[in-house]
Every structure is written in structure tokens, then in C-alpha cells.
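Next up, coords.txt (compact mmCIF, C-alpha atoms (C1' of nucleotides)):
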```txt
# COMPACT_ATOMS: atom_id res chain seq x y z
CA MET O 1 29.46 -15.86 -10.32
CA GLY O 2 29.21 -17.95 -7.14
CA THR O 3 26.91 -17.19 -4.24
CA GLU O 4 29.71 -16.20 -1.85
CA LYS O 5 31.33 -13.97 -4.42
CA LYS O 6 28.07 -12.19 -4.99
CA ILE O 7 27.50 -11.72 -1.29
CA SER O 8 30.94 -10.26 -0.76
CA GLU O 9 30.45 -7.91 -3.66
CA ILE O 10 27.25 -6.70 -2.08
CA GLU O 11 29.10 -6.37 1.21
CA GLU O 12 31.65 -4.12 -0.45
CA LEU O 13 28.91 -2.01 -1.95
CA LEU O 14 27.21 -1.67 1.42
CA LYS O 15 30.50 -0.67 3.05
CA SER O 16 31.24 1.88 0.36
CA LYS O 17 27.95 3.52 1.26
CA GLY O 18 28.65 3.43 4.98
CA TYR O 19 26.53 0.40 5.82
CA LYS O 20 27.60 -2.74 7.59
CA LEU O 21 26.86 -6.28 6.51
CA THR O 22 25.28 -7.36 9.75
CA HIS O 23 23.90 -10.80 10.41
CA PRO O 24 20.31 -9.92 9.55
CA ARG O 25 21.38 -8.18 6.36
CA GLU O 26 23.54 -11.09 5.34
CA VAL O 27 20.68 -13.50 5.83
CA ILE O 28 18.43 -11.31 3.71
CA VAL O 29 21.04 -10.75 1.02
CA ARG O 30 21.73 -14.47 0.88
CA LEU O 31 18.05 -15.13 0.37
CA PHE O 32 17.91 -12.78 -2.59
CA VAL O 33 21.09 -14.19 -4.08
CA GLN O 34 19.84 -17.74 -3.82
CA THR O 35 16.31 -17.31 -5.05
CA SER O 36 14.91 -16.23 -8.36
CA GLU O 37 11.48 -15.61 -6.89
CA HIS O 38 9.77 -12.32 -6.51
CA LEU O 39 9.52 -11.81 -2.79
CA LYS O 40 7.10 -9.78 -0.73
CA PRO O 41 8.27 -8.31 2.59
CA GLU O 42 6.25 -10.95 4.37
CA ASP O 43 7.79 -13.74 2.28
CA ILE O 44 11.21 -12.47 3.22
CA TYR O 45 10.26 -12.31 6.86
CA ASN O 46 8.99 -15.87 6.81
CA GLU O 47 12.28 -17.04 5.34
CA VAL O 48 14.47 -15.23 7.84
CA ARG O 49 12.50 -15.16 11.06
CA HIS O 50 14.14 -18.42 12.12
CA GLU O 51 17.39 -16.52 12.08
CA ASP O 52 15.95 -14.05 14.58
CA VAL O 53 15.40 -11.28 12.09
CA SER O 54 12.48 -9.03 12.88
CA LEU O 55 9.93 -7.59 10.49
CA PRO O 56 11.08 -3.99 10.96
CA THR O 57 14.59 -5.06 10.10
CA VAL O 58 13.29 -6.73 6.95
CA TYR O 59 11.71 -3.44 5.93
CA ARG O 60 14.77 -1.43 6.86
CA SER O 61 17.04 -3.76 4.90
CA ILE O 62 14.78 -3.72 1.87
CA GLU O 63 14.90 0.06 1.90
CA ILE O 64 18.68 0.18 1.96
CA LEU O 65 19.19 -2.59 -0.57
CA LYS O 66 16.73 -0.91 -2.88
CA ASN O 67 18.40 2.47 -2.56
CA ILE O 68 21.87 1.20 -3.36
CA GLY O 69 20.61 -0.80 -6.30
CA VAL O 70 20.98 -4.33 -4.99
CA ILE O 71 17.31 -5.16 -5.31
CA LYS O 72 14.46 -3.73 -7.31
CA GLU O 73 10.85 -3.21 -6.39
CA VAL O 74 8.04 -4.23 -8.68
CA VAL O 75 4.44 -3.61 -7.79
CA ILE O 76 1.94 -6.04 -9.21
CA ASN O 77 -1.72 -5.87 -8.23
CA SER O 78 -0.92 -3.36 -5.54
CA GLU O 79 1.51 -5.74 -3.90
CA ARG O 80 5.18 -5.02 -3.53
CA TYR O 81 7.66 -7.57 -4.71
CA TYR O 82 11.43 -7.44 -4.60
CA GLU O 83 14.03 -9.18 -6.70
CA LEU O 84 17.81 -9.12 -6.97
CA SER O 85 18.82 -6.65 -9.62
CA ILE O 86 22.51 -5.97 -9.07
CA PHE O 87 23.95 -8.81 -11.13
CA SER O 88 21.32 -8.66 -13.77
CA GLN O 89 22.31 -7.31 -17.13
CA LYS O 90 18.66 -6.73 -17.76
CA LYS O 91 17.88 -3.10 -18.25
CA PHE O 92 14.26 -3.98 -18.58
CA HIS O 93 11.98 -6.03 -16.45
CA ILE O 94 9.10 -7.60 -18.24
CA HIS O 95 6.79 -9.33 -15.83
CA PHE O 96 3.73 -11.35 -16.50
CA GLN O 97 1.15 -12.28 -13.92
CA CYS O 98 -1.48 -14.88 -14.68
CA SER O 99 -4.86 -13.75 -13.47
CA ILE O 100 -5.87 -17.36 -12.84
CA CYS O 101 -3.00 -19.01 -10.98
CA GLY O 102 -1.48 -15.72 -9.82
CA LYS O 103 2.06 -16.79 -10.69
CA ILE O 104 4.53 -14.18 -11.78
CA LYS O 105 7.18 -14.82 -14.36
CA GLU O 106 9.66 -12.79 -16.30
CA TYR O 107 10.46 -12.85 -19.94
CA ASN O 108 14.18 -12.92 -20.44
CA ASP O 109 14.33 -12.75 -24.15
CA LYS O 110 16.94 -11.06 -26.27
CA ARG O 111 14.51 -10.01 -28.92
CA ILE O 112 12.27 -8.35 -26.38
CA PHE O 113 15.20 -6.56 -24.78
CA LYS O 114 16.40 -5.33 -28.13
CA ASP O 115 12.98 -4.00 -29.04
CA MET O 116 12.60 -2.30 -25.66
CA LEU O 117 15.95 -0.66 -26.16
CA LEU O 118 14.93 0.73 -29.51
CA GLN O 119 11.67 1.87 -28.00
CA ARG O 120 13.50 3.67 -25.23
CA ASP O 121 15.90 5.35 -27.64
CA TYR O 122 13.01 6.51 -29.75
CA ILE O 123 11.25 8.03 -26.73
CA GLU O 124 14.38 9.73 -25.45
CA GLU O 125 15.01 11.30 -28.83
CA THR O 126 11.43 12.25 -29.51
CA TYR O 127 10.45 13.59 -26.11
CA ASN O 128 13.79 14.68 -24.77
CA ASP O 129 13.37 12.77 -21.53
CA VAL O 130 16.07 10.66 -19.95
CA ILE O 131 14.81 7.17 -19.23
CA GLU O 132 16.64 5.41 -16.45
CA ASP O 133 14.37 2.53 -15.74
CA VAL O 134 11.61 0.66 -17.48
CA THR O 135 9.18 -1.70 -15.79
CA VAL O 136 6.61 -3.63 -17.75
CA VAL O 137 3.81 -5.57 -16.15
CA MET O 138 1.62 -7.73 -18.32
CA LYS O 139 -1.49 -9.51 -17.18
CA GLY O 140 -3.41 -12.28 -18.79
CA VAL O 141 -3.70 -16.04 -18.83
CA CYS O 142 -0.58 -18.15 -18.85
CA SER O 143 -0.11 -21.10 -21.17
CA SER O 144 -0.78 -23.68 -18.42
CA CYS O 145 -4.01 -22.11 -17.24
CA LYS O 146 -5.10 -21.70 -20.85
CA LYS O 147 -4.99 -25.48 -21.25
CA GLU O 148 -6.99 -26.08 -18.06
CA VAL O 149 -9.84 -23.91 -19.24
CA LYS O 150 -10.21 -25.78 -22.50
CA MET Y 1 -17.60 12.83 -27.35
CA GLY Y 2 -19.00 15.40 -24.91
CA THR Y 3 -18.79 15.18 -21.16
CA GLU Y 4 -22.51 14.50 -20.63
CA LYS Y 5 -22.56 11.84 -23.32
CA LYS Y 6 -19.64 10.09 -21.66
CA ILE Y 7 -21.28 10.23 -18.27
CA SER Y 8 -24.53 8.79 -19.55
CA GLU Y 9 -22.65 6.00 -21.30
CA ILE Y 10 -20.96 5.17 -18.03
CA GLU Y 11 -24.34 5.32 -16.33
CA GLU Y 12 -25.68 2.75 -18.80
CA LEU Y 13 -22.72 0.52 -18.18
CA LEU Y 14 -23.21 0.76 -14.43
CA LYS Y 15 -26.89 -0.07 -14.79
CA SER Y 16 -26.17 -3.02 -17.03
CA LYS Y 17 -24.07 -4.41 -14.20
CA GLY Y 18 -26.72 -3.77 -11.59
CA TYR Y 19 -25.25 -0.58 -10.14
CA LYS Y 20 -26.92 2.78 -9.77
CA LEU Y 21 -25.49 6.12 -10.74
CA THR Y 22 -25.92 7.75 -7.38
CA HIS Y 23 -24.94 11.28 -6.59
CA PRO Y 24 -21.52 10.39 -5.14
CA ARG Y 25 -20.76 8.14 -8.08
CA GLU Y 26 -21.76 10.79 -10.54
CA VAL Y 27 -19.49 13.31 -8.89
CA ILE Y 28 -16.60 10.89 -9.04
CA VAL Y 29 -17.31 9.82 -12.60
CA ARG Y 30 -17.54 13.46 -13.66
CA LEU Y 31 -14.17 14.14 -12.11
CA PHE Y 32 -12.56 11.33 -14.09
CA VAL Y 33 -14.27 12.41 -17.30
CA GLN Y 34 -13.13 15.98 -16.91
CA THR Y 35 -9.56 15.47 -15.87
CA SER Y 36 -6.63 13.93 -17.63
CA GLU Y 37 -4.67 13.66 -14.42
CA HIS Y 38 -3.68 10.51 -12.66
CA LEU Y 39 -5.56 10.60 -9.40
CA LYS Y 40 -4.84 9.00 -6.06
CA PRO Y 41 -7.76 8.05 -3.79
CA GLU Y 42 -6.90 10.99 -1.61
CA ASP Y 43 -6.84 13.37 -4.59
CA ILE Y 44 -10.27 12.17 -5.56
CA TYR Y 45 -11.53 12.60 -2.04
CA ASN Y 46 -10.22 16.16 -1.89
CA GLU Y 47 -12.05 16.98 -5.10
CA VAL Y 48 -15.38 15.54 -4.03
CA ARG Y 49 -15.54 15.99 -0.27
CA HIS Y 50 -17.29 19.34 -0.64
CA GLU Y 51 -20.06 17.41 -2.37
CA ASP Y 52 -20.46 15.39 0.80
CA VAL Y 53 -18.81 12.28 -0.52
CA SER Y 54 -16.98 10.26 2.10
CA LEU Y 55 -13.63 8.54 1.80
CA PRO Y 56 -15.07 5.03 2.08
CA THR Y 57 -17.41 5.86 -0.78
CA VAL Y 58 -14.47 7.03 -2.85
CA TYR Y 59 -12.81 3.69 -2.30
CA ARG Y 60 -15.99 1.76 -2.97
CA SER Y 61 -16.61 3.67 -6.19
CA ILE Y 62 -13.06 3.20 -7.36
CA GLU Y 63 -13.42 -0.52 -6.84
CA ILE Y 64 -16.60 -0.73 -8.91
CA LEU Y 65 -15.41 1.58 -11.67
CA LYS Y 66 -12.20 -0.37 -11.92
CA ASN Y 67 -13.98 -3.70 -12.09
CA ILE Y 68 -16.32 -2.67 -14.88
CA GLY Y 69 -13.50 -1.12 -16.88
CA VAL Y 70 -14.31 2.56 -16.52
CA ILE Y 71 -11.04 3.41 -14.86
CA LYS Y 72 -7.66 1.77 -14.67
CA GLU Y 73 -5.23 1.51 -11.80
CA VAL Y 74 -1.56 2.24 -12.26
CA VAL Y 75 0.91 1.89 -9.43
CA ILE Y 76 3.90 4.17 -9.56
CA ASN Y 77 6.39 4.30 -6.72
CA SER Y 78 4.12 2.18 -4.57
CA GLU Y 79 1.30 4.68 -4.93
CA ARG Y 80 -2.00 3.90 -6.57
CA TYR Y 81 -3.24 6.17 -9.30
CA TYR Y 82 -6.44 5.94 -11.31
CA GLU Y 83 -7.29 7.25 -14.74
CA LEU Y 84 -10.27 7.04 -17.07
CA SER Y 85 -9.79 4.15 -19.43
CA ILE Y 86 -13.21 3.45 -20.94
CA PHE Y 87 -13.05 5.87 -23.86
CA SER Y 88 -9.43 5.35 -24.52
CA GLN Y 89 -8.48 3.38 -27.58
CA LYS Y 90 -5.14 2.82 -25.94
CA LYS Y 91 -4.44 -0.81 -25.33
CA PHE Y 92 -1.21 0.15 -23.69
CA HIS Y 93 -0.38 2.64 -21.03
CA ILE Y 94 3.08 4.01 -21.12
CA HIS Y 95 3.73 6.21 -18.13
CA PHE Y 96 6.73 8.22 -17.27
CA GLN Y 97 7.48 9.68 -13.87
CA CYS Y 98 10.20 12.24 -13.44
CA SER Y 99 12.28 11.47 -10.38
CA ILE Y 100 12.93 15.17 -9.85
CA CYS Y 101 9.61 16.96 -10.22
CA GLY Y 102 7.53 13.83 -9.60
CA LYS Y 103 5.16 14.57 -12.45
CA ILE Y 104 3.58 11.72 -14.32
CA LYS Y 105 2.86 11.84 -17.99
CA GLU Y 106 1.79 9.41 -20.66
CA TYR Y 107 3.17 8.85 -24.08
CA ASN Y 108 0.37 8.67 -26.57
CA ASP Y 109 2.29 7.90 -29.65
CA LYS Y 110 1.25 5.77 -32.56
CA ARG Y 111 4.67 4.43 -33.22
CA ILE Y 112 5.04 3.30 -29.61
CA PHE Y 113 1.62 1.65 -29.65
CA LYS Y 114 2.43 -0.17 -32.87
CA ASP Y 115 5.70 -1.44 -31.49
CA MET Y 116 4.06 -2.56 -28.26
CA LEU Y 117 1.47 -4.43 -30.27
CA LEU Y 118 4.12 -6.27 -32.22
CA GLN Y 119 5.94 -6.99 -29.00
CA ARG Y 120 2.78 -8.43 -27.47
CA ASP Y 121 2.05 -10.59 -30.51
CA TYR Y 122 5.58 -11.92 -30.44
CA ILE Y 123 5.27 -12.86 -26.75
CA GLU Y 124 1.88 -14.48 -27.19
CA GLU Y 125 3.18 -16.60 -30.04
CA THR Y 126 6.47 -17.47 -28.47
CA TYR Y 127 5.33 -18.21 -24.94
CA ASN Y 128 1.76 -19.23 -25.55
CA ASP Y 129 0.40 -16.83 -22.96
CA VAL Y 130 -2.62 -14.63 -23.51
CA ILE Y 131 -1.82 -11.01 -22.76
CA GLU Y 132 -4.81 -8.93 -21.81
CA ASP Y 133 -3.18 -5.87 -20.41
CA VAL Y 134 0.16 -4.15 -20.57
CA THR Y 135 1.35 -1.43 -18.23
CA VAL Y 136 4.66 0.27 -18.70
CA VAL Y 137 6.18 2.58 -16.14
CA MET Y 138 9.32 4.46 -17.02
CA LYS Y 139 11.34 6.55 -14.62
CA GLY Y 140 13.98 9.13 -15.29
CA VAL Y 141 14.42 12.83 -15.75
CA CYS Y 142 11.95 14.77 -17.84
CA SER Y 143 13.00 17.29 -20.45
CA SER Y 144 12.15 20.29 -18.25
CA CYS Y 145 14.09 19.08 -15.23
CA LYS Y 146 16.98 18.16 -17.49
CA LYS Y 147 17.30 21.82 -18.47
CA GLU Y 148 17.18 22.99 -14.84
CA VAL Y 149 20.10 20.82 -13.88
CA LYS Y 150 22.31 22.17 -16.62
C1' DC W 1 -41.46 -0.53 -1.53
C1' DT W 2 -37.21 -2.97 -1.79
C1' DT W 3 -32.69 -3.34 -2.68
C1' DG W 4 -28.59 -1.29 -3.00
C1' DA W 5 -25.61 2.73 -1.41
C1' DT W 6 -23.93 5.91 2.04
C1' DG W 7 -21.72 8.01 6.14
C1' DC W 8 -19.76 7.28 10.34
C1' DA W 9 -16.83 5.12 13.39
C1' DA W 10 -14.14 1.49 14.09
C1' DA W 11 -11.30 -2.36 12.52
C1' DG W 12 -7.62 -4.21 9.76
C1' DG W 13 -3.31 -4.74 7.56
C1' DA W 14 0.99 -3.14 6.03
C1' DT W 15 4.75 -0.20 7.00
C1' DT W 16 7.32 2.99 9.93
C1' DT W 17 9.22 4.92 14.17
C1' DG W 18 11.00 5.78 19.19
C1' DC W 19 13.85 4.00 22.17
C1' DA W 20 16.91 1.29 24.99
C1' DC W 21 20.05 -2.28 24.06
C1' DA W 22 23.42 -4.89 21.11
C1' DA W 23 26.88 -5.47 17.69
C1' DA W 24 29.98 -4.01 14.15
C1' DT W 25 34.41 -1.58 12.90
C1' DA J 1 34.91 3.61 21.89
C1' DT J 2 31.79 5.15 18.73
C1' DT J 3 28.65 4.71 15.46
C1' DT J 4 25.27 2.05 13.29
C1' DG J 5 21.85 -1.57 13.62
C1' DT J 6 18.40 -4.26 16.13
C1' DG J 7 14.19 -5.93 18.45
C1' DC J 8 10.19 -4.71 20.67
C1' DA J 9 6.09 -2.27 21.11
C1' DA J 10 3.58 1.30 19.70
C1' DA J 11 2.31 4.61 16.22
C1' DT J 12 0.91 5.73 11.63
C1' DC J 13 -1.07 5.43 7.32
C1' DC J 14 -4.01 3.61 3.90
C1' DT J 15 -7.87 0.84 3.03
C1' DT J 16 -11.82 -1.90 4.28
C1' DT J 17 -15.94 -3.19 7.00
C1' DG J 18 -20.23 -3.30 10.21
C1' DC J 19 -24.14 -1.17 10.83
C1' DA J 20 -27.94 1.98 11.04
C1' DT J 21 -29.82 5.13 7.86
C1' DC J 22 -30.89 6.98 3.30
C1' DA J 23 -31.92 7.16 -1.59
C1' DA J 24 -32.55 5.27 -6.29
C1' DG J 25 -35.37 2.65 -9.42
```
Kindly present the structure from the file in C-alpha cells form.
Amino acid sequence: MGTEKKISEIEELLKSKGYKLTHPREVIVRLFVQTSEHLKPEDIYNEVRHEDVSLPTVYRSIEILKNIGVIKEVVINSERYYELSIFSQKKFHIHFQCSICGKIKEYNDKRIFKDMLLQRDYIEETYNDVIEDVTVVMKGVCSSCKKEVK
Amino acid sequence: MGTEKKISEIEELLKSKGYKLTHPREVIVRLFVQTSEHLKPEDIYNEVRHEDVSLPTVYRSIEILKNIGVIKEVVINSERYYELSIFSQKKFHIHFQCSICGKIKEYNDKRIFKDMLLQRDYIEETYNDVIEDVTVVMKGVCSSCKKEVK
DNA sequence: CTTGATGCAAAGGATTTGCACAAAT
DNA sequence: ATTTGTGCAAATCCTTTGCATCAAG
């Protein structure tokens, strides 16, 4: 799906919830649609401040976008990160942060997703809970940093 | 293992790292040893303030205990929780928070651990990363709240 | 004794809020 | 027009720090 299509779909969603796609919100939404990074509120602010978007508005927009399911929050090392989640088929978010270089990546791997799904089904059946969201954060040393150390 | 035995083992560990088991630290360590709850800094403070332990000391103790592996931090819904980890064989921490009652529980289930282990091995082999820690946070509706809604 | 630990008060950083003004439908 | 959204500045909340004092080994 193209960038503009995605943005107008998000606009529709916002409208259906009684929100407007204002200039600041569009700038922020566009940023999320165009990046695959995990962004902190401050990162977002730095990307949009040139467009005259204030920090409080960044926070307010994050809150709304999170609540209507456009973006998802992941906390790694006590820091909040946000990523686009609306067009992702992923039901699971498996993050890895390297303790050396600090970079965060995601594993998008069918086998992992399948296993997580089975895991979830097993838990739901066994414990009678309904699982709506699963977030996995792994920490360790990434392949690049592993080489450096050698 | 008994409470006192656990505390003296933690004391030894502290000493081996050049730290003392002072009164405030003992009170905090005892709290972690005796509870199975997930505690926030403020929860800890409320439990130990009558022993004349200050909030900064709670934070300083948490930091040390975390660094030497006595306790582990889990962030759920942007809030920091701590739990005893030193005597736990668990390599994985699978938490579930109910979005209705807010309660947090852990799944301590051999089958889940085994599957997570396989999952980890698969990722390490496939992506060449070293995984040292895995934290899983699931959200949904717990079995009790599910009944209420009906 | 000597070093490390503590409490207090104050600082710091991230996030939220009140309010008057601006912009969207 | 009317409602919702915005920027600014200030407030709030959580966490950390400086410093004089205290306690553990």
C-alpha cells in the first residue's frame, strides 16, 4: 500500500473516532508511515519541530494514535518507543536490543510467529485467559557486536 | 530454601561485589524474598518507610540489586516493576496483565519454558545473535474478569 | 578508622495540564 | 459557528544527585 493511501486510511480512522487529521497530526502520521524505526517521543519531536509542532502536541498525538491502534508502544530499558502497528499483520512483536550498540531490531519470521501463536493458544486453553497482545523483548549481543569482541 | 538462608546468600553476593548489607538494604531484600508480588519503587517505599528507609535509598538499592542480578525489572504499561530473580530457575519471564483488573501474574509452566528455549535457540542459530534475556508481556482479559463480563 | 551508605532537600528529566488562541468541519 | 486542537508556560510526577552526617567492616 502506498504512503498516501495509508495516510488517508488513518485519516478515516481518526474521523470515525471523532478526531481531525490536523497538520501536526498529519506530519506525525507521515513520519510513522515512512519510517521503520522505533521512535521515542523526543525523536518524533526532533523530526517534526521544523514543521512547528510542539512537544505537548507530540505527546497528545501519540496518545490518540496509540489508543485507536495506529501505533504501538514498546518499552525497552525503561524507554518508550513507538512504531506503526496498523498495517502490520504481525500479532506479535519480537524485539531485540543489543546491550553493546544499543540498536533495536525486530524479528519478522514466519516460524517465530507460528510458534508464538501456538504458545498463545496453549496458554489461553490452559489458563482460561484471553490474550490480546504479546510483546517480547530480548536482550543480548547482536551478530555484529559479537564479531567486534572477538 | 528458607528466608534467612536466602538473605544471607544475597548478603554474600553483595559483599563479593564490595557492597554492605546495611539495615535499609536488608529490609528491602527481605521484602523481595518474602513476597511474590511485582513491586513498584513506590510500593517498596510504602513497605519499608516505617523502618526509616528513604525513597532515594529505595532507588539506590533497586539499582544495585538489579545490577548484581538479585532482582529483575519488568516494565508493564510504562510502569517499572521489580521481582526477585536470583533464586529463580526461570530463564524466561512470561507476564500477563489483565486490562480490566490490572493484576499481573506470571506463567510458570514447563511446557512454555521449553518452547521458549527452543524459540531462543532457533533465533540464535538463524540470526547469529546471542540472547541473554527474554521478557514476555502479554495483555488481555484474565479468566476471572472474563466471567464477570458474561 | 576509613570507606561506603544514608537522609534530606533540591535538581533533573520526561510527561501532562490550564488556558487563551487558532484551525478544522 | 462550534467544536476540537494547538502552542506556550507552568505544573506534576518520577527519579537522581549533592552534601553533610552516619554506620558497617
Record the distance separating CA of Ser144 (chain Y) and CA of Leu84 (chain Y), expressed in Å with one decimal. 26.1 Å
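Taking all atoms listed in the file, the non-local environment of DT15 (chain J) within 10 Å (same-chain residues fewer than 6 positions away omitted) comprises Pro41, Leu55, Pro56 and Tyr59 of chain Y; DG12 and DG13 of chain W.
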Could you write out as a PyMOL selection string the residues of chain Y within 12 Å of chain J, counting all atoms listed in the file? chain Y and resi 15+18-24+40-42+55-60+62-63+78-80
Need the shell around Arg111 (chain O): protein/DNA/RNA residues with any atom at most 12 Å away, counting all atoms listed in the file. Skip same-chain ones fewer than 2 positions apart. Format as a PyMOL selection string? (chain O and resi 92+107-109+113-118) or (chain Y and resi 118-120+122-123+126)
Which residues of chain O come within 9 Å of chain Y, and what is each one's closest atom pair and distance in Å (one decimal), counting only C-alpha atoms, sorted by chain and residue number, as a Markdown table?
```
| residue | atom | partner | partner_atom | distance |
| --- | --- | --- | --- | --- |
| O:Glu73 | CA | Y:Asn77 | CA | 8.7 |
| O:Val74 | CA | Y:Ser78 | CA | 8.6 |
| O:Val75 | CA | Y:Ser78 | CA | 6.6 |
| O:Ile76 | CA | Y:Val75 | CA | 8.0 |
| O:Asn77 | CA | Y:Val75 | CA | 8.3 |
| O:Ser78 | CA | Y:Val75 | CA | 6.8 |
| O:Glu79 | CA | Y:Ser78 | CA | 8.4 |
| O:Arg80 | CA | Y:Ser78 | CA | 7.4 |
| O:Phe96 | CA | Y:Ile131 | CA | 8.4 |
| O:Cys98 | CA | Y:Asp129 | CA | 8.7 |
| O:Tyr107 | CA | Y:Ile123 | CA | 8.6 |
| O:Ile112 | CA | Y:Gln119 | CA | 7.0 |
| O:Asp115 | CA | Y:Gln119 | CA | 7.6 |
| O:Met116 | CA | Y:Gln119 | CA | 8.8 |
| O:Gln119 | CA | Y:Ile112 | CA | 7.0 |
| O:Tyr122 | CA | Y:Ile112 | CA | 8.6 |
| O:Ile123 | CA | Y:Ile112 | CA | 8.3 |
| O:Tyr127 | CA | Y:Ser143 | CA | 7.2 |
| O:Asn128 | CA | Y:Ser143 | CA | 5.1 |
| O:Asp129 | CA | Y:Cys142 | CA | 4.4 |
| O:Val130 | CA | Y:Val141 | CA | 5.0 |
| O:Ile131 | CA | Y:Gly140 | CA | 4.5 |
| O:Glu132 | CA | Y:Gly140 | CA | 4.7 |
| O:Asp133 | CA | Y:Lys139 | CA | 5.2 |
| O:Val134 | CA | Y:Met138 | CA | 4.5 |
| O:Thr135 | CA | Y:Val137 | CA | 5.2 |
| O:Val136 | CA | Y:Val136 | CA | 4.5 |
| O:Val137 | CA | Y:Thr135 | CA | 5.2 |
| O:Met138 | CA | Y:Val134 | CA | 4.5 |
| O:Lys139 | CA | Y:Asp133 | CA | 5.2 |
| O:Gly140 | CA | Y:Ile131 | CA | 4.5 |
| O:Val141 | CA | Y:Val130 | CA | 5.0 |
| O:Cys142 | CA | Y:Asp129 | CA | 4.4 |
| O:Ser143 | CA | Y:Asp129 | CA | 4.7 |
| O:Ser144 | CA | Y:Asp129 | CA | 8.3 |
| O:Cys145 | CA | Y:Asp129 | CA | 8.9 |
| O:Lys146 | CA | Y:Asp129 | CA | 7.6 |
```
List every residue of chain W that has an atom at most 9 Å from any atom of chain Y, giving for each one its closest atom pair and the distance in Å to one decimal, counting only C-alpha atoms (C1' of nucleotides), sorted by chain and then by ascending residue number, as a tab-separated table.
```
residue	atom	partner	partner_atom	distance
W:DG4	C1'	Y:Tyr19	CA	7.9
W:DA5	C1'	Y:Thr22	CA	7.8
W:DT6	C1'	Y:Thr57	CA	7.1
W:DG7	C1'	Y:Ser54	CA	6.6
```
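CA of Tyr81 (chain O) is positioned 16.8 Å from CA of Ile68 (chain O).
Across the model, the gap from C1' of DT16 (chain W) to CA of Arg49 (chain O) is 18.9 Å.
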Mind checking which residues fall within 12 Å of Thr3 (chain Y), counting only C-alpha atoms (C1' of nucleotides), ignoring those fewer than 6 positions away in the same chain, and posting them as a list in words? Glu9, Ile10, Glu26, Val29, Arg30, Leu31, Phe32, Val33, Gln34, Thr35 and Phe87 of chain Y
Using only the atoms of region 8-17 of chain J listed in the file, plus 5 Å on each side, state the axis-aligned box centre and edge lengths in Å rounded to one decimal, as AutoDock Vina command-line options.
```
--center_x -2.9 --center_y 0.5 --center_z 12.1 --size_x 36.1 --size_y 20.4 --size_z 28.1
```
